[in-house]
>>> print(open('model-v1.cif').read())   # mmCIF, C-alpha atoms
data_structure
loop_
_atom_site.label_atom_id
_atom_site.label_comp_id
_atom_site.auth_asym_id
_atom_site.auth_seq_id
_atom_site.Cartn_x
_atom_site.Cartn_y
_atom_site.Cartn_z
CA GLY Z 1 13.09 -7.28 10.71
CA LEU Z 2 12.63 -3.63 11.39
CA LEU Z 3 9.16 -2.16 11.62
CA TYR Z 4 8.29 0.60 9.17
CA PRO Z 5 8.43 3.42 11.76
CA ARG Z 6 12.02 2.48 12.65
CA ILE Z 7 12.94 2.36 8.96
CA LEU Z 8 11.51 5.85 8.46
CA GLU Z 9 13.41 7.02 11.53
CA ARG Z 10 16.66 5.76 9.99
CA VAL Z 11 15.76 7.32 6.64
CA ALA Z 12 15.21 10.69 8.35
CA HIS Z 13 18.80 10.55 9.68
CA ILE Z 14 20.18 9.52 6.27
CA VAL Z 15 18.34 12.26 4.38
CA ALA Z 16 19.30 14.88 6.96
CA ALA Z 17 22.96 13.85 6.75
CA HIS Z 18 22.82 13.94 2.94
CA PHE Z 19 21.68 17.56 3.06
CA GLY Z 20 24.02 18.50 5.91
CA VAL Z 21 21.15 19.07 8.32
CA VAL Z 22 21.27 18.10 11.96
CA ILE Z 23 18.18 16.19 13.06
CA ARG Z 24 17.57 15.40 16.68
CA PRO Z 25 16.69 11.80 17.58
CA ALA Z 26 13.26 12.93 18.83
CA GLU Z 27 12.53 14.56 15.44
CA ALA Z 28 13.53 11.42 13.54
CA HIS Z 29 11.42 9.33 15.91
CA ALA Z 30 8.42 11.64 15.40
CA PHE Z 31 8.80 11.31 11.63
CA GLY Z 32 8.86 7.51 11.92
CA ALA Z 33 5.77 7.59 14.11
CA SER Z 34 3.87 9.87 11.72
CA ILE Z 35 2.53 7.21 9.33
CA GLY Z 36 -0.94 7.21 10.87
CA ASP Z 37 -1.09 10.99 10.47
CA TRP Z 38 -0.56 10.92 6.71
CA PRO Z 39 -3.73 12.04 4.96
CA ALA Z 40 -5.60 9.85 2.50
CA PHE Z 41 -6.20 11.15 -1.00
CA PRO Z 42 -9.44 13.19 -1.09
CA ASP Z 43 -11.38 10.50 -2.98
CA THR Z 44 -10.19 7.51 -0.97
CA CYS Z 45 -12.61 7.27 1.97
CA ALA Z 46 -15.76 7.65 -0.11
CA ALA Z 47 -14.43 5.27 -2.78
CA LEU Z 48 -13.56 2.62 -0.18
CA ALA Z 49 -17.03 2.93 1.34
CA ARG Z 50 -18.57 2.43 -2.11
CA LEU Z 51 -16.34 -0.56 -2.84
CA ALA Z 52 -17.03 -2.12 0.59
CA GLY Z 53 -20.73 -2.01 -0.20
CA ARG Z 54 -20.19 -4.35 -3.14
CA PHE Z 55 -16.91 -6.22 -2.59
CA ARG Z 56 -14.81 -7.74 0.17
CA LEU Z 57 -11.72 -5.61 0.74
CA ALA Z 58 -8.23 -6.64 1.78
CA VAL Z 59 -5.01 -4.70 2.30
CA ILE Z 60 -1.47 -5.88 1.62
CA SER Z 61 0.83 -3.27 3.16
CA ASN Z 62 4.53 -2.85 3.80
CA VAL Z 63 3.79 -1.05 7.06
CA ASP Z 64 3.33 -2.57 10.52
CA ARG Z 65 0.00 -3.42 12.20
CA ALA Z 66 -0.01 -0.43 14.56
CA SER Z 67 0.73 2.06 11.78
CA PHE Z 68 -1.96 0.59 9.56
CA ALA Z 69 -4.47 0.62 12.41
CA ARG Z 70 -3.95 4.39 12.76
CA THR Z 71 -4.29 4.83 8.98
CA ASN Z 72 -7.41 2.69 8.97
CA GLU Z 73 -9.06 5.04 11.49
CA ARG Z 74 -8.74 7.76 8.83
CA LEU Z 75 -10.07 5.49 6.06
CA ARG Z 76 -13.25 4.67 8.03
CA VAL Z 77 -13.85 1.27 6.40
CA ALA Z 78 -13.71 -2.24 7.80
CA PHE Z 79 -11.35 -4.39 5.76
CA ASP Z 80 -12.04 -8.10 5.55
CA ALA Z 81 -8.32 -8.86 5.75
CA VAL Z 82 -5.18 -6.88 6.51
CA VAL Z 83 -1.79 -8.40 5.75
CA THR Z 84 1.26 -6.39 6.79
CA ALA Z 85 5.00 -6.82 6.48
CA GLU Z 86 5.03 -7.28 10.25
CA ASP Z 87 2.63 -10.24 9.90
CA THR Z 88 4.57 -11.99 7.16
CA GLY Z 89 8.19 -11.00 7.64
CA PHE Z 90 8.29 -10.04 3.94
CA TRP Z 91 7.97 -6.81 2.00
CA LYS Z 92 6.32 -6.22 -1.34
CA PRO Z 93 7.36 -6.96 -4.04
CA ASP Z 94 8.35 -10.28 -2.43
CA PRO Z 95 5.80 -12.82 -3.75
CA ARG Z 96 5.71 -14.47 -0.31
CA MET Z 97 3.81 -11.44 0.97
CA PHE Z 98 1.18 -12.03 -1.70
CA GLU Z 99 1.13 -15.77 -0.92
CA ALA Z 100 0.41 -14.93 2.73
CA ALA Z 101 -2.44 -12.73 1.56
CA PHE Z 102 -3.79 -15.55 -0.63
CA ALA Z 103 -3.80 -17.85 2.41
CA ARG Z 104 -5.68 -15.24 4.46
CA LEU Z 105 -8.19 -14.74 1.65
CA ALA Z 106 -8.62 -18.49 1.18
CA ALA Z 107 -9.60 -18.74 4.85
CA LEU Z 108 -12.39 -16.27 3.99
CA GLY Z 109 -13.45 -18.36 1.00
CA ILE Z 110 -11.92 -15.99 -1.56
CA THR Z 111 -9.90 -17.63 -4.33
CA LYS Z 112 -6.96 -16.07 -6.12
CA GLN Z 113 -8.99 -16.25 -9.33
CA ARG Z 114 -11.64 -13.96 -7.79
CA THR Z 115 -9.09 -11.46 -6.51
CA LEU Z 116 -8.47 -8.09 -8.15
CA HIS Z 117 -5.37 -6.19 -7.04
CA VAL Z 118 -5.70 -2.39 -7.07
CA ALA Z 119 -2.56 -0.34 -6.41
CA GLN Z 120 -0.37 2.59 -7.43
CA SER Z 121 3.11 1.06 -7.45
CA LEU Z 122 4.03 -0.79 -10.62
CA TYR Z 123 7.22 -2.08 -8.96
CA HIS Z 124 5.84 -3.12 -5.56
CA ASP Z 125 2.40 -4.28 -6.64
CA HIS Z 126 1.73 -4.84 -10.32
CA VAL Z 127 4.92 -6.72 -11.23
CA PRO Z 128 4.46 -9.38 -8.53
CA ALA Z 129 0.65 -9.45 -8.80
CA LYS Z 130 0.75 -10.11 -12.55
CA ALA Z 131 3.53 -12.71 -12.09
CA LEU Z 132 1.20 -14.50 -9.66
CA GLY Z 133 -1.68 -14.42 -12.13
CA LEU Z 134 -3.82 -11.66 -10.64
CA ARG Z 135 -5.94 -9.17 -12.52
CA THR Z 136 -4.91 -5.63 -11.59
CA ILE Z 137 -5.99 -2.01 -11.81
CA TRP Z 138 -3.26 0.61 -11.77
CA VAL Z 139 -4.21 3.78 -9.87
CA ASP Z 140 -1.85 6.08 -11.73
CA ARG Z 141 -2.28 9.21 -9.63
CA PRO Z 142 -0.75 12.33 -11.15
CA SER Z 143 2.57 13.13 -9.48
CA ARG Z 144 5.39 15.58 -9.92
CA LEU Z 145 7.62 12.54 -9.46
CA GLY Z 146 6.36 10.74 -12.58
CA ALA Z 147 4.59 7.40 -12.90
CA ALA Z 148 6.96 5.56 -10.56
CA GLY Z 149 6.54 8.05 -7.72
CA LEU Z 150 9.05 7.09 -5.06
CA SER Z 151 9.19 3.47 -6.27
CA PRO Z 152 11.92 2.11 -8.51
CA GLU Z 153 11.07 2.31 -12.22
CA ALA Z 154 9.26 -0.78 -13.47
CA LYS Z 155 7.47 -2.03 -16.54
CA ALA Z 156 4.34 -3.91 -15.63
CA ALA Z 157 1.18 -5.08 -17.28
CA TYR Z 158 -2.19 -4.16 -15.78
CA ASP Z 159 -5.76 -4.83 -16.82
CA ALA Z 160 -7.08 -1.30 -16.37
CA ARG Z 161 -5.70 2.12 -15.48
CA THR Z 162 -7.37 4.94 -13.55
CA THR Z 163 -6.10 8.09 -11.86
CA THR Z 164 -8.22 7.85 -8.68
CA LEU Z 165 -9.75 5.25 -6.42
CA ALA Z 166 -13.12 6.87 -7.13
CA ALA Z 167 -12.61 5.98 -10.80
CA VAL Z 168 -11.91 2.37 -9.73
CA ALA Z 169 -15.26 2.32 -7.91
CA ASP Z 170 -16.94 3.76 -11.01
CA LEU Z 171 -15.25 1.20 -13.25
CA LEU Z 172 -16.39 -1.65 -11.02
CA GLY Z 173 -19.93 -0.35 -10.73
CA ALA Z 174 -19.74 0.32 -7.01
#
>>> encode(input="model-v1.cif", output="structure tokens")
Amino acid sequence: GLLYPRILERVAHIVAAHFGVVIRPAEAHAFGASIGDWPAFPDTCAALARLAGRFRLAVISNVDRASFARTNERLRVAFDAVVTAEDTGFWKPDPRMFEAAFARLAALGITKQRTLHVAQSLYHDHVPAKALGLRTIWVDRPSRLGAAGLSPEAKAAYDARTTTLAAVADLLGA
């Protein structure tokens, strides 16, 4: 399968064509390579540091390993496990991506029953996580795009809702 930077590169060409804009291949490539440059939300780094002081942290991401490594430099926290689409060959919301994460967590002695999934996307995260029996917290960050953001619309259950990762840390007593 294609790695996330190549997908973004293709998307740049599609969006440019849709708006009748000419985009040079180098510009599309730069956009695809920009993932590691995307800023974290202002509360994220401090909240992750707080959470890491009390919990083991894992990431399930639709990006590739290299892109996440660059993002992780910005986050400044050591994750106990990182599971990417590149590792698994699957993309969220495919339950096989979550199953791969469960296997990685099990190797660390963490059971599915002791796993809490925290995420923004109802479609990509909460629908499959709840179907697999996980407890979840929805980080419903305010957006001009509405609750779904750039994700497809979805109805999903969740166990708690916050608007920031800092509020998640507060909720969990971290």
>>> atom_distance(input="model-v1.cif", atom1="atom CA of Val118 of chain Z", atom2="atom CA of Ile137 of chain Z")
4.8 Å
>>> resolve_selection(input="model-v1.cif", expression="the PyMOL selection byres ((chain Z and resi 6) around 12)", output="list in words")
Gly1, Leu2, Leu3, Tyr4, Pro5, Ile7, Leu8, Glu9, Arg10, Val11, Ala12, His13, Pro25, Ala28, His29, Ala30, Phe31, Gly32, Ala33, Ser34, Ile35, Val63, Asp64 and Ser67 of chain Z
>>> closest_residue(input="model-v1.cif", among="Z:Met97, Z:Ala103, Z:Ala16, Z:Ala85", to="Asp125 of chain Z", atoms="only C-alpha atoms")
Z:Met97
>>> resolve_selection(input="model-v1.cif", expression="the PyMOL selection byres ((chain Z and resi 164) around 10)", output="ChimeraX atom specification")
/Z:41-44,47,120,138-142,161-163,165-170
>>> closest_residue(input="model-v1.cif", among="Z:Ala66, Z:Ala131, Z:Ala107, Z:Val22", to="Pro95 of chain Z", atoms="only C-alpha atoms")
Z:Ala131
>>> resolve_selection(input="model-v1.cif", expression="the PyMOL selection byres ((chain Z and resi 112) around 10)", output="MDAnalysis selection string")
chainID Z and resid 99 101:103 105:106 109:111 113:116 132:135
>>> residues_around(input="model-v1.cif", residues="segment 154-157 of chain Z", least_positions_apart="5", cutoff="7 Å", atoms="only C-alpha atoms", output="list in words")
Leu122, Tyr123, His126, Val127 and Lys130 of chain Z
>>> closest_residue(input="model-v1.cif", among="Z:Ala174, Z:Ile60, Z:Ala100, Z:Pro93", to="Ala46 of chain Z", atoms="all atoms listed in the file")
Z:Ala174
>>> atom_distance(input="model-v1.cif", atom1="atom CA of Ser61 of chain Z", atom2="atom CA of Val83 of chain Z")
6.3 Å
>>> closest_residue(input="model-v1.cif", among="Z:Leu171, Z:Arg24, Z:Ala52, Z:His124", to="Arg76 of chain Z", atoms="all atoms listed in the file")
Z:Ala52
>>> closest_residue(input="model-v1.cif", among="Z:Gly89, Z:Pro128, Z:Gly36, Z:Gly173", to="Phe68 of chain Z", atoms="all atoms listed in the file")
Z:Gly36
>>> atom_distance(input="model-v1.cif", atom1="atom CA of Ala78 of chain Z", atom2="atom CA of Ala160 of chain Z")
25.1 Å
>>> axis_aligned_box(input="model-v1.cif", around="segment 89-105 of chain Z", padding_each_side="4 Å", output="JSON")
{"center_x": 0.1, "center_y": -12.0, "center_z": 1.8, "size_x": 24.5, "size_y": 19.6, "size_z": 19.7}
>>> closest_residue(input="model-v1.cif", among="Z:Glu27, Z:Glu86, Z:Asp94, Z:Asp37", to="Arg74 of chain Z", atoms="all atoms listed in the file")
Z:Asp37
>>> residues_around(input="model-v1.cif", residues="Arg104 of chain Z", least_positions_apart="6", cutoff="10 Å", atoms="only C-alpha atoms", output="PyMOL selection string")
chain Z and resi 58+80-83+98+110
>>> build_atoms(input="model-v1.cif", residues="segment 86-97 of chain Z", atoms="all heavy atoms", output="PDB file, keeping the file's coordinate frame")
ATOM      1  N   GLU Z  86       4.805  -6.767   8.887  1.00  0.00           N
ATOM      2  CA  GLU Z  86       5.030  -7.280  10.250  1.00  0.00           C
ATOM      3  C   GLU Z  86       4.445  -8.681  10.398  1.00  0.00           C
ATOM      4  O   GLU Z  86       5.051  -9.547  11.033  1.00  0.00           O
ATOM      5  CB  GLU Z  86       4.410  -6.333  11.272  1.00  0.00           C
ATOM      6  CG  GLU Z  86       4.612  -6.795  12.705  1.00  0.00           C
ATOM      7  CD  GLU Z  86       3.973  -5.867  13.722  1.00  0.00           C
ATOM      8  OE1 GLU Z  86       3.268  -4.909  13.338  1.00  0.00           O
ATOM      9  OE2 GLU Z  86       4.191  -6.109  14.925  1.00  0.00           O
ATOM     10  N   ASP Z  87       3.274  -8.920   9.804  1.00  0.00           N
ATOM     11  CA  ASP Z  87       2.630 -10.240   9.900  1.00  0.00           C
ATOM     12  C   ASP Z  87       3.428 -11.319   9.189  1.00  0.00           C
ATOM     13  O   ASP Z  87       3.505 -12.454   9.654  1.00  0.00           O
ATOM     14  CB  ASP Z  87       1.236 -10.205   9.249  1.00  0.00           C
ATOM     15  CG  ASP Z  87       0.282  -9.253   9.930  1.00  0.00           C
ATOM     16  OD1 ASP Z  87       0.374  -9.074  11.153  1.00  0.00           O
ATOM     17  OD2 ASP Z  87      -0.560  -8.672   9.216  1.00  0.00           O
ATOM     18  N   THR Z  88       3.977 -10.972   8.027  1.00  0.00           N
ATOM     19  CA  THR Z  88       4.570 -11.990   7.160  1.00  0.00           C
ATOM     20  C   THR Z  88       6.081 -12.103   7.265  1.00  0.00           C
ATOM     21  O   THR Z  88       6.640 -13.140   6.935  1.00  0.00           O
ATOM     22  CB  THR Z  88       4.235 -11.686   5.684  1.00  0.00           C
ATOM     23  OG1 THR Z  88       4.873 -10.462   5.308  1.00  0.00           O
ATOM     24  CG2 THR Z  88       2.736 -11.600   5.460  1.00  0.00           C
ATOM     25  N   GLY Z  89       6.729 -11.011   7.660  1.00  0.00           N
ATOM     26  CA  GLY Z  89       8.190 -11.000   7.640  1.00  0.00           C
ATOM     27  C   GLY Z  89       8.753 -10.706   6.260  1.00  0.00           C
ATOM     28  O   GLY Z  89       9.954 -10.802   6.037  1.00  0.00           O
ATOM     29  N   PHE Z  90       7.879 -10.350   5.318  1.00  0.00           N
ATOM     30  CA  PHE Z  90       8.290 -10.040   3.940  1.00  0.00           C
ATOM     31  C   PHE Z  90       7.758  -8.679   3.543  1.00  0.00           C
ATOM     32  O   PHE Z  90       6.819  -8.169   4.144  1.00  0.00           O
ATOM     33  CB  PHE Z  90       7.772 -11.110   2.964  1.00  0.00           C
ATOM     34  CG  PHE Z  90       8.168 -12.499   3.335  1.00  0.00           C
ATOM     35  CD1 PHE Z  90       7.220 -13.393   3.824  1.00  0.00           C
ATOM     36  CD2 PHE Z  90       9.486 -12.914   3.220  1.00  0.00           C
ATOM     37  CE1 PHE Z  90       7.589 -14.676   4.184  1.00  0.00           C
ATOM     38  CE2 PHE Z  90       9.855 -14.200   3.583  1.00  0.00           C
ATOM     39  CZ  PHE Z  90       8.909 -15.085   4.061  1.00  0.00           C
ATOM     40  N   TRP Z  91       8.369  -8.117   2.523  1.00  0.00           N
ATOM     41  CA  TRP Z  91       7.970  -6.810   2.000  1.00  0.00           C
ATOM     42  C   TRP Z  91       7.630  -6.967   0.530  1.00  0.00           C
ATOM     43  O   TRP Z  91       8.293  -7.695  -0.196  1.00  0.00           O
ATOM     44  CB  TRP Z  91       9.154  -5.838   2.094  1.00  0.00           C
ATOM     45  CG  TRP Z  91       9.590  -5.559   3.491  1.00  0.00           C
ATOM     46  CD1 TRP Z  91      10.303  -6.380   4.312  1.00  0.00           C
ATOM     47  CD2 TRP Z  91       9.337  -4.388   4.239  1.00  0.00           C
ATOM     48  NE1 TRP Z  91      10.515  -5.785   5.524  1.00  0.00           N
ATOM     49  CE2 TRP Z  91       9.932  -4.544   5.496  1.00  0.00           C
ATOM     50  CE3 TRP Z  91       8.672  -3.192   3.963  1.00  0.00           C
ATOM     51  CZ2 TRP Z  91       9.874  -3.564   6.482  1.00  0.00           C
ATOM     52  CZ3 TRP Z  91       8.635  -2.226   4.941  1.00  0.00           C
ATOM     53  CH2 TRP Z  91       9.226  -2.422   6.177  1.00  0.00           C
ATOM     54  N   LYS Z  92       6.568  -6.270   0.091  1.00  0.00           N
ATOM     55  CA  LYS Z  92       6.320  -6.220  -1.340  1.00  0.00           C
ATOM     56  C   LYS Z  92       7.529  -5.557  -1.989  1.00  0.00           C
ATOM     57  O   LYS Z  92       8.070  -4.622  -1.417  1.00  0.00           O
ATOM     58  CB  LYS Z  92       5.062  -5.383  -1.652  1.00  0.00           C
ATOM     59  CG  LYS Z  92       3.774  -5.980  -1.154  1.00  0.00           C
ATOM     60  CD  LYS Z  92       2.563  -5.163  -1.553  1.00  0.00           C
ATOM     61  CE  LYS Z  92       2.576  -3.764  -0.945  1.00  0.00           C
ATOM     62  NZ  LYS Z  92       1.429  -2.935  -1.347  1.00  0.00           N
ATOM     63  N   PRO Z  93       8.002  -6.073  -3.080  1.00  0.00           N
ATOM     64  CA  PRO Z  93       7.360  -6.960  -4.040  1.00  0.00           C
ATOM     65  C   PRO Z  93       7.599  -8.448  -3.836  1.00  0.00           C
ATOM     66  O   PRO Z  93       7.317  -9.230  -4.744  1.00  0.00           O
ATOM     67  CB  PRO Z  93       7.981  -6.488  -5.360  1.00  0.00           C
ATOM     68  CG  PRO Z  93       9.380  -6.113  -4.993  1.00  0.00           C
ATOM     69  CD  PRO Z  93       9.243  -5.493  -3.619  1.00  0.00           C
ATOM     70  N   ASP Z  94       8.090  -8.867  -2.673  1.00  0.00           N
ATOM     71  CA  ASP Z  94       8.350 -10.280  -2.430  1.00  0.00           C
ATOM     72  C   ASP Z  94       7.052 -11.073  -2.621  1.00  0.00           C
ATOM     73  O   ASP Z  94       6.043 -10.789  -1.964  1.00  0.00           O
ATOM     74  CB  ASP Z  94       8.879 -10.479  -1.007  1.00  0.00           C
ATOM     75  CG  ASP Z  94       9.428 -11.865  -0.771  1.00  0.00           C
ATOM     76  OD1 ASP Z  94       8.767 -12.859  -1.155  1.00  0.00           O
ATOM     77  OD2 ASP Z  94      10.516 -11.972  -0.185  1.00  0.00           O
ATOM     78  N   PRO Z  95       7.038 -12.061  -3.508  1.00  0.00           N
ATOM     79  CA  PRO Z  95       5.800 -12.820  -3.750  1.00  0.00           C
ATOM     80  C   PRO Z  95       5.295 -13.551  -2.506  1.00  0.00           C
ATOM     81  O   PRO Z  95       4.103 -13.858  -2.413  1.00  0.00           O
ATOM     82  CB  PRO Z  95       6.184 -13.809  -4.860  1.00  0.00           C
ATOM     83  CG  PRO Z  95       7.662 -13.828  -4.904  1.00  0.00           C
ATOM     84  CD  PRO Z  95       8.147 -12.522  -4.347  1.00  0.00           C
ATOM     85  N   ARG Z  96       6.162 -13.794  -1.533  1.00  0.00           N
ATOM     86  CA  ARG Z  96       5.710 -14.470  -0.310  1.00  0.00           C
ATOM     87  C   ARG Z  96       4.712 -13.615   0.469  1.00  0.00           C
ATOM     88  O   ARG Z  96       3.855 -14.147   1.173  1.00  0.00           O
ATOM     89  CB  ARG Z  96       6.909 -14.868   0.554  1.00  0.00           C
ATOM     90  CG  ARG Z  96       7.752 -15.953  -0.122  1.00  0.00           C
ATOM     91  CD  ARG Z  96       9.009 -16.244   0.628  1.00  0.00           C
ATOM     92  NE  ARG Z  96       9.919 -15.101   0.511  1.00  0.00           N
ATOM     93  CZ  ARG Z  96      11.167 -15.094   0.951  1.00  0.00           C
ATOM     94  NH1 ARG Z  96      11.668 -16.160   1.543  1.00  0.00           N
ATOM     95  NH2 ARG Z  96      11.932 -14.032   0.797  1.00  0.00           N
ATOM     96  N   MET Z  97       4.805 -12.303   0.315  1.00  0.00           N
ATOM     97  CA  MET Z  97       3.810 -11.440   0.970  1.00  0.00           C
ATOM     98  C   MET Z  97       2.448 -11.658   0.322  1.00  0.00           C
ATOM     99  O   MET Z  97       1.429 -11.747   1.012  1.00  0.00           O
ATOM    100  CB  MET Z  97       4.223  -9.982   0.862  1.00  0.00           C
ATOM    101  CG  MET Z  97       3.295  -9.073   1.611  1.00  0.00           C
ATOM    102  SD  MET Z  97       4.231  -7.808   2.427  1.00  0.00           S
ATOM    103  CE  MET Z  97       2.944  -6.960   3.286  1.00  0.00           C
TER     104      MET Z  97
END
